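Here is the structure we will look at, set down as structure tokens.
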Amino acid sequence: MLALEWLKNAHGIMEKLEATQLENIKKAATAMADSIEAGRWVHTFGCGHATIPVEEMYPRIGSFVGFHPLCELPLTFFTQIIGQMGIHQFLFLERTEGYGQAIMKNYDFDSKDCIWIFSHTGINAVNIDMALEAKKRGMKVIVYGSAGETGDKASRHSSGKNLFQLADIIVDSCVPLVDASVPLKNHFDKVGPLSTLSFVTMVWMTITTVAEILADRGVHLYIHPSHNVPGDTTAHERLDAAIAEYQKKVKIL
């Protein structure tokens, strides 16, 4: 079964992350913890399927206040495939220089903030715009993606830089650049991509480390609880407290 081949490939990615990326994850988590402890934000951004890790991390049971998703609908909601907000428009927008600058104009960022960008290849203009604008504001730029595979490949941005060349901290997803991993009989293209699995794995490796660092520093975290557990009579109160804290903090943006 090709299911087992994909599963073997997925296990291989997770093993590579554990073997090679723990130090980089600790560096990224420390920068994020510094921002949250300072009362500021970890801004999170991705395009297309790279918005999945952004949406996975917050708001989410088991996550906590401190992560601010920057999700642009035209770069996120492309499931209509054709017609309005279709794939063609999405591909055009993510490669359009200046769009990221327009996104960044909407917020009052601070040098104590950091931005966490997810991009498999790191070559598209909107992600590079976001990184460049963040650096102008003195923010740390943290990038998760296929850094080892992308290397010095040319970007689609006039700066000539790809996203990994602009990052202050990089965590390599350990995913092949082609992403899909399973050969299929009588077909040129493979099936079974791995980047989403890697991104979500790295998200929770990172966020649990951020939580550990902040707890060791004595910082109280506003964690989203599960409100579906029988017998937990205060879950809704804890959830309301987390949302109230988010509402209070987001006003600075």
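Order determines the names: the first chain of the structure tokens is A, the second B, and so forth; residues in each chain are numbered 1 upward, and ligands are numbered 1 upward as they are shown.
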
Next on the checklist: What parts of range 89-235 of chain A does DSSP call helix (DSSP H, G or I)? I'd like the answer as a ChimeraX atom specification.
Outcome noted: /A:89-94,99-104,125-136,147-150,163-166,195-216,235

Checklist entry - Smallest atom-to-atom distance to Ala28 in chain A: which of A:Ile213, A:Ala50, A:Ala3, A:Ile103, using only C-alpha atoms? => result A:Ile213

Checklist entry - Of the candidates A:Val42, A:Ala31, A:Val178, A:Met1, which shows the shortest atom-to-atom distance to Lys249 in chain A, using only C-alpha atoms? => result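 The answer is A:Val42, which sits nearest to Lys249 in chain A.
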
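Among the candidate residues A:Ala211, A:Gln89, A:Lys248, A:Glu18, the one lying nearest to Gly62 in chain A is A:Ala211, with distances computed using only C-alpha atoms.
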
Next on the checklist: Report, in Å with one decimal, the straight-line distance from CA of Ile170 in chain A to CA of Thr209 in chain A.
Outcome noted: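 Atom-to-atom, CA of Ile170 in chain A to CA of Thr209 in chain A, that is 15.8 Å.
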
Checklist entry - If we count only C-alpha atoms, what is near Asn162 in chain A at a cut-off of 6 Å, once residues fewer than 6 positions away on the same chain are taken out, given as a list in words? => result Gly122, Ile123 and Ser155 of chain A

Checklist entry - So which one's closest to Asp110 in chain A, A:Ala167, A:His43, A:Phe67, A:Glu94? Using only C-alpha atoms, please. => result A:His43

Checklist entry - Between A:Asn124, A:Thr201, A:Ser119, A:Gln247, which one has atoms that come closest to Phe92 in chain A, using only C-alpha atoms? => result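 So, comparing all the options, the nearest one is A:Asn124.
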
Next on the checklist: Quick check for you: according to DSSP on this backbone, which residues of range 59-227 of chain A are classed as strand (DSSP E or B)? Reply as a list of chain:residue names.
Outcome noted: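 Of range 59-227 of chain A, the ones in strand (DSSP E or B) are A:Phe64, A:Phe67, A:His68, A:Pro69, A:Cys114, A:Ile115, A:Trp116, A:Ile117, A:Phe118, A:Lys140, A:Val141, A:Ile142, A:Val143, A:Tyr144, A:Gly145, A:Ile169, A:Ile170, A:Val171, A:Asp172, A:Ala180, A:Ser181, A:Val182, A:Val191, A:Gly192, A:Pro193, A:Ile223.
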
Could you write out that same residue set with C-alpha atoms as a short mmCIF file (atom, residue, chain, number, x, y, z; two decimals), in the first residue's frame?
data_model
loop_
_atom_site.label_atom_id
_atom_site.label_comp_id
_atom_site.auth_asym_id
_atom_site.auth_seq_id
_atom_site.Cartn_x
_atom_site.Cartn_y
_atom_site.Cartn_z
CA PHE A 64 -2.20 30.46 24.61
CA PHE A 67 0.33 34.55 18.81
CA HIS A 68 -1.33 36.97 16.38
CA PRO A 69 -2.44 35.44 13.05
CA CYS A 114 8.72 39.01 16.12
CA ILE A 115 7.18 37.57 12.97
CA TRP A 116 6.93 33.84 12.31
CA ILE A 117 6.61 33.09 8.59
CA PHE A 118 5.85 29.69 7.08
CA LYS A 140 13.09 39.40 14.56
CA VAL A 141 12.15 37.37 11.50
CA ILE A 142 11.67 33.64 12.14
CA VAL A 143 11.18 31.42 9.09
CA TYR A 144 10.10 27.78 8.94
CA GLY A 145 10.39 25.95 5.62
CA ILE A 169 16.26 32.39 12.83
CA ILE A 170 15.52 29.44 10.53
CA VAL A 171 13.99 26.06 11.30
CA ASP A 172 14.34 23.61 8.44
CA ALA A 180 5.14 15.27 -2.70
CA SER A 181 6.91 12.08 -1.71
CA VAL A 182 5.31 8.96 -3.18
CA VAL A 191 1.55 12.20 -4.62
CA GLY A 192 1.55 12.58 -0.83
CA PRO A 193 3.02 15.95 0.22
CA ILE A 223 -4.25 28.90 27.81
#

Next on the checklist: I want to know what sits within 9 Å of Gly39 in chain A, based on only C-alpha atoms, with residues of the same chain fewer than 3 positions away left out; could you give that as a ChimeraX atom specification?
Outcome noted: /A:34-36,66,112,249

Requested write-out: all heavy atoms of the selected residues, as a PDB file, in the first residue's frame:
ATOM      1  N   ASP A  34      10.506  35.878  24.570  1.00  0.00           N
ATOM      2  CA  ASP A  34      10.914  37.246  24.906  1.00  0.00           C
ATOM      3  C   ASP A  34       9.837  38.250  24.492  1.00  0.00           C
ATOM      4  O   ASP A  34       9.530  39.185  25.243  1.00  0.00           O
ATOM      5  CB  ASP A  34      12.236  37.593  24.214  1.00  0.00           C
ATOM      6  CG  ASP A  34      13.422  36.832  24.772  1.00  0.00           C
ATOM      7  OD1 ASP A  34      13.314  36.270  25.888  1.00  0.00           O
ATOM      8  OD2 ASP A  34      14.469  36.793  24.090  1.00  0.00           O
ATOM      9  N   SER A  35       9.275  38.078  23.292  1.00  0.00           N
ATOM     10  CA  SER A  35       8.224  38.988  22.821  1.00  0.00           C
ATOM     11  C   SER A  35       6.986  38.905  23.698  1.00  0.00           C
ATOM     12  O   SER A  35       6.413  39.928  24.095  1.00  0.00           O
ATOM     13  CB  SER A  35       7.857  38.669  21.368  1.00  0.00           C
ATOM     14  OG  SER A  35       8.922  38.947  20.491  1.00  0.00           O
ATOM     15  N   ILE A  36       6.560  37.696  24.005  1.00  0.00           N
ATOM     16  CA  ILE A  36       5.344  37.521  24.804  1.00  0.00           C
ATOM     17  C   ILE A  36       5.551  38.031  26.226  1.00  0.00           C
ATOM     18  O   ILE A  36       4.677  38.702  26.791  1.00  0.00           O
ATOM     19  CB  ILE A  36       4.914  36.041  24.789  1.00  0.00           C
ATOM     20  CG1 ILE A  36       4.496  35.632  23.368  1.00  0.00           C
ATOM     21  CG2 ILE A  36       3.776  35.790  25.775  1.00  0.00           C
ATOM     22  CD1 ILE A  36       4.258  34.157  23.177  1.00  0.00           C
ATOM     23  N   GLY A  66      -0.690  35.238  22.757  1.00  0.00           N
ATOM     24  CA  GLY A  66       0.653  35.711  22.424  1.00  0.00           C
ATOM     25  C   GLY A  66       0.954  35.573  20.943  1.00  0.00           C
ATOM     26  O   GLY A  66       1.892  36.188  20.434  1.00  0.00           O
ATOM     27  N   LYS A 112       9.901  44.972  19.690  1.00  0.00           N
ATOM     28  CA  LYS A 112       9.853  43.823  20.607  1.00  0.00           C
ATOM     29  C   LYS A 112       9.030  42.670  20.037  1.00  0.00           C
ATOM     30  O   LYS A 112       9.052  41.572  20.581  1.00  0.00           O
ATOM     31  CB  LYS A 112       9.269  44.248  21.965  1.00  0.00           C
ATOM     32  CG  LYS A 112      10.097  45.247  22.736  1.00  0.00           C
ATOM     33  CD  LYS A 112       9.510  45.463  24.122  1.00  0.00           C
ATOM     34  CE  LYS A 112      10.254  46.538  24.894  1.00  0.00           C
ATOM     35  NZ  LYS A 112      10.008  47.883  24.334  1.00  0.00           N
ATOM     36  N   LYS A 249      -4.918  42.842  24.759  1.00  0.00           N
ATOM     37  CA  LYS A 249      -3.589  42.992  24.163  1.00  0.00           C
ATOM     38  C   LYS A 249      -3.625  43.432  22.704  1.00  0.00           C
ATOM     39  O   LYS A 249      -2.744  44.167  22.254  1.00  0.00           O
ATOM     40  CB  LYS A 249      -2.810  41.677  24.254  1.00  0.00           C
ATOM     41  CG  LYS A 249      -2.257  41.358  25.635  1.00  0.00           C
ATOM     42  CD  LYS A 249      -1.320  40.169  25.586  1.00  0.00           C
ATOM     43  CE  LYS A 249      -0.118  40.448  24.701  1.00  0.00           C
ATOM     44  NZ  LYS A 249       0.850  39.323  24.718  1.00  0.00           N
TER      45      LYS A 249
END

Next on the checklist: Taking 5 positions as the minimum chain separation for residues in the same chain, which residues sit within 12 Å of Leu239 in chain A when counting only C-alpha atoms? Answer as a ChimeraX atom specification.
Outcome noted: /A:59-65,221-228,233-234,244-246

Next on the checklist: Between A:Ile82, A:Met32, A:Leu73, A:Met130, which residue has the minimum interatomic distance to Tyr99 in chain A, considering only C-alpha atoms?
Outcome noted: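 Of A:Ile82, A:Met32, A:Leu73, A:Met130, the one nearest Tyr99 in chain A, counting only C-alpha atoms, is A:Met130.
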
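The neighbours of Phe109 in chain A here are the residues that come within 10 Å of it, using only C-alpha atoms and leaving out any residue fewer than 5 positions away in the same chain; they are Arg40, Trp41, His43, Met104, Cys114, Ile115, Ala134, Arg137, Gly138, Met139, Ile252 and Leu253 of chain A.
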
Please write the residues from the selection above to a file, keeping all heavy atoms, as a short mmCIF file (atom, residue, chain, number, x, y, z; two decimals), in the first residue's frame.
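Just written: part.cif:
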data_model
loop_
_atom_site.label_atom_id
_atom_site.label_comp_id
_atom_site.auth_asym_id
_atom_site.auth_seq_id
_atom_site.Cartn_x
_atom_site.Cartn_y
_atom_site.Cartn_z
N ARG A 40 4.26 41.87 24.16
CA ARG A 40 4.08 42.08 22.73
C ARG A 40 3.63 40.78 22.05
O ARG A 40 3.12 39.89 22.71
CB ARG A 40 5.38 42.61 22.11
CG ARG A 40 5.78 44.00 22.60
CD ARG A 40 4.75 45.08 22.26
NE ARG A 40 4.38 45.07 20.84
CZ ARG A 40 3.57 45.99 20.27
NH1 ARG A 40 3.04 46.96 21.03
NH2 ARG A 40 3.28 45.92 19.00
N TRP A 41 3.84 40.70 20.74
CA TRP A 41 3.22 39.65 19.96
C TRP A 41 4.21 38.85 19.13
O TRP A 41 5.24 39.36 18.69
CB TRP A 41 2.20 40.25 18.99
CG TRP A 41 0.97 40.77 19.64
CD1 TRP A 41 0.70 42.06 19.97
CD2 TRP A 41 -0.16 40.01 20.07
NE1 TRP A 41 -0.53 42.17 20.57
CE2 TRP A 41 -1.09 40.92 20.63
CE3 TRP A 41 -0.49 38.66 20.01
CZ2 TRP A 41 -2.32 40.52 21.14
CZ3 TRP A 41 -1.72 38.25 20.52
CH2 TRP A 41 -2.62 39.19 21.08
N HIS A 43 3.74 37.53 15.61
CA HIS A 43 2.85 37.61 14.45
C HIS A 43 3.14 36.43 13.54
O HIS A 43 4.30 36.11 13.27
CB HIS A 43 3.05 38.93 13.71
CG HIS A 43 2.91 40.13 14.58
ND1 HIS A 43 1.69 40.59 14.99
CD2 HIS A 43 3.85 40.94 15.15
CE1 HIS A 43 1.87 41.66 15.77
NE2 HIS A 43 3.16 41.88 15.89
N MET A 104 1.23 44.97 5.87
CA MET A 104 1.92 45.45 7.07
C MET A 104 1.48 46.85 7.49
O MET A 104 1.65 47.24 8.65
CB MET A 104 3.43 45.42 6.84
CG MET A 104 4.03 44.05 6.63
SD MET A 104 4.12 43.04 8.11
CE MET A 104 5.66 43.64 8.82
N CYS A 114 8.04 39.79 17.15
CA CYS A 114 8.72 39.01 16.12
C CYS A 114 7.66 38.49 15.15
O CYS A 114 6.48 38.47 15.47
CB CYS A 114 9.57 37.90 16.70
SG CYS A 114 8.73 36.72 17.74
N ILE A 115 8.10 38.12 13.97
CA ILE A 115 7.18 37.57 12.97
C ILE A 115 7.64 36.18 12.60
O ILE A 115 8.83 35.93 12.41
CB ILE A 115 7.08 38.49 11.73
CG1 ILE A 115 5.95 38.01 10.81
CG2 ILE A 115 8.41 38.59 10.98
CD1 ILE A 115 5.54 39.03 9.75
N ALA A 134 9.19 43.76 8.22
CA ALA A 134 9.40 43.45 9.64
C ALA A 134 10.81 43.88 10.07
O ALA A 134 10.99 44.44 11.16
CB ALA A 134 9.20 41.97 9.89
N ARG A 137 11.27 47.46 10.87
CA ARG A 137 10.70 47.83 12.17
C ARG A 137 11.49 47.24 13.33
O ARG A 137 11.09 47.36 14.48
CB ARG A 137 9.24 47.38 12.23
CG ARG A 137 8.33 48.16 11.27
CD ARG A 137 7.04 47.42 11.00
NE ARG A 137 6.09 48.20 10.23
CZ ARG A 137 6.13 48.39 8.93
NH1 ARG A 137 7.10 47.84 8.22
NH2 ARG A 137 5.21 49.11 8.32
N GLY A 138 12.59 46.59 13.04
CA GLY A 138 13.44 46.04 14.09
C GLY A 138 12.96 44.74 14.67
O GLY A 138 13.45 44.30 15.73
N MET A 139 12.02 44.08 14.01
CA MET A 139 11.46 42.82 14.51
C MET A 139 12.36 41.65 14.10
O MET A 139 12.96 41.66 13.03
CB MET A 139 10.06 42.61 13.94
CG MET A 139 9.07 43.68 14.32
SD MET A 139 7.62 43.74 13.21
CE MET A 139 6.95 42.08 13.37
N ILE A 252 -3.27 47.17 21.16
CA ILE A 252 -2.01 47.89 20.91
C ILE A 252 -1.62 47.84 19.44
O ILE A 252 -0.72 48.58 19.01
CB ILE A 252 -0.86 47.37 21.78
CG1 ILE A 252 -0.53 45.91 21.42
CG2 ILE A 252 -1.17 47.52 23.25
CD1 ILE A 252 0.65 45.34 22.20
N LEU A 253 -2.28 46.97 18.68
CA LEU A 253 -1.97 46.87 17.26
C LEU A 253 -2.86 47.77 16.42
O LEU A 253 -2.67 47.87 15.21
CB LEU A 253 -2.13 45.41 16.79
CG LEU A 253 -1.21 44.40 17.46
CD1 LEU A 253 -1.52 43.00 16.97
CD2 LEU A 253 0.25 44.75 17.17
#
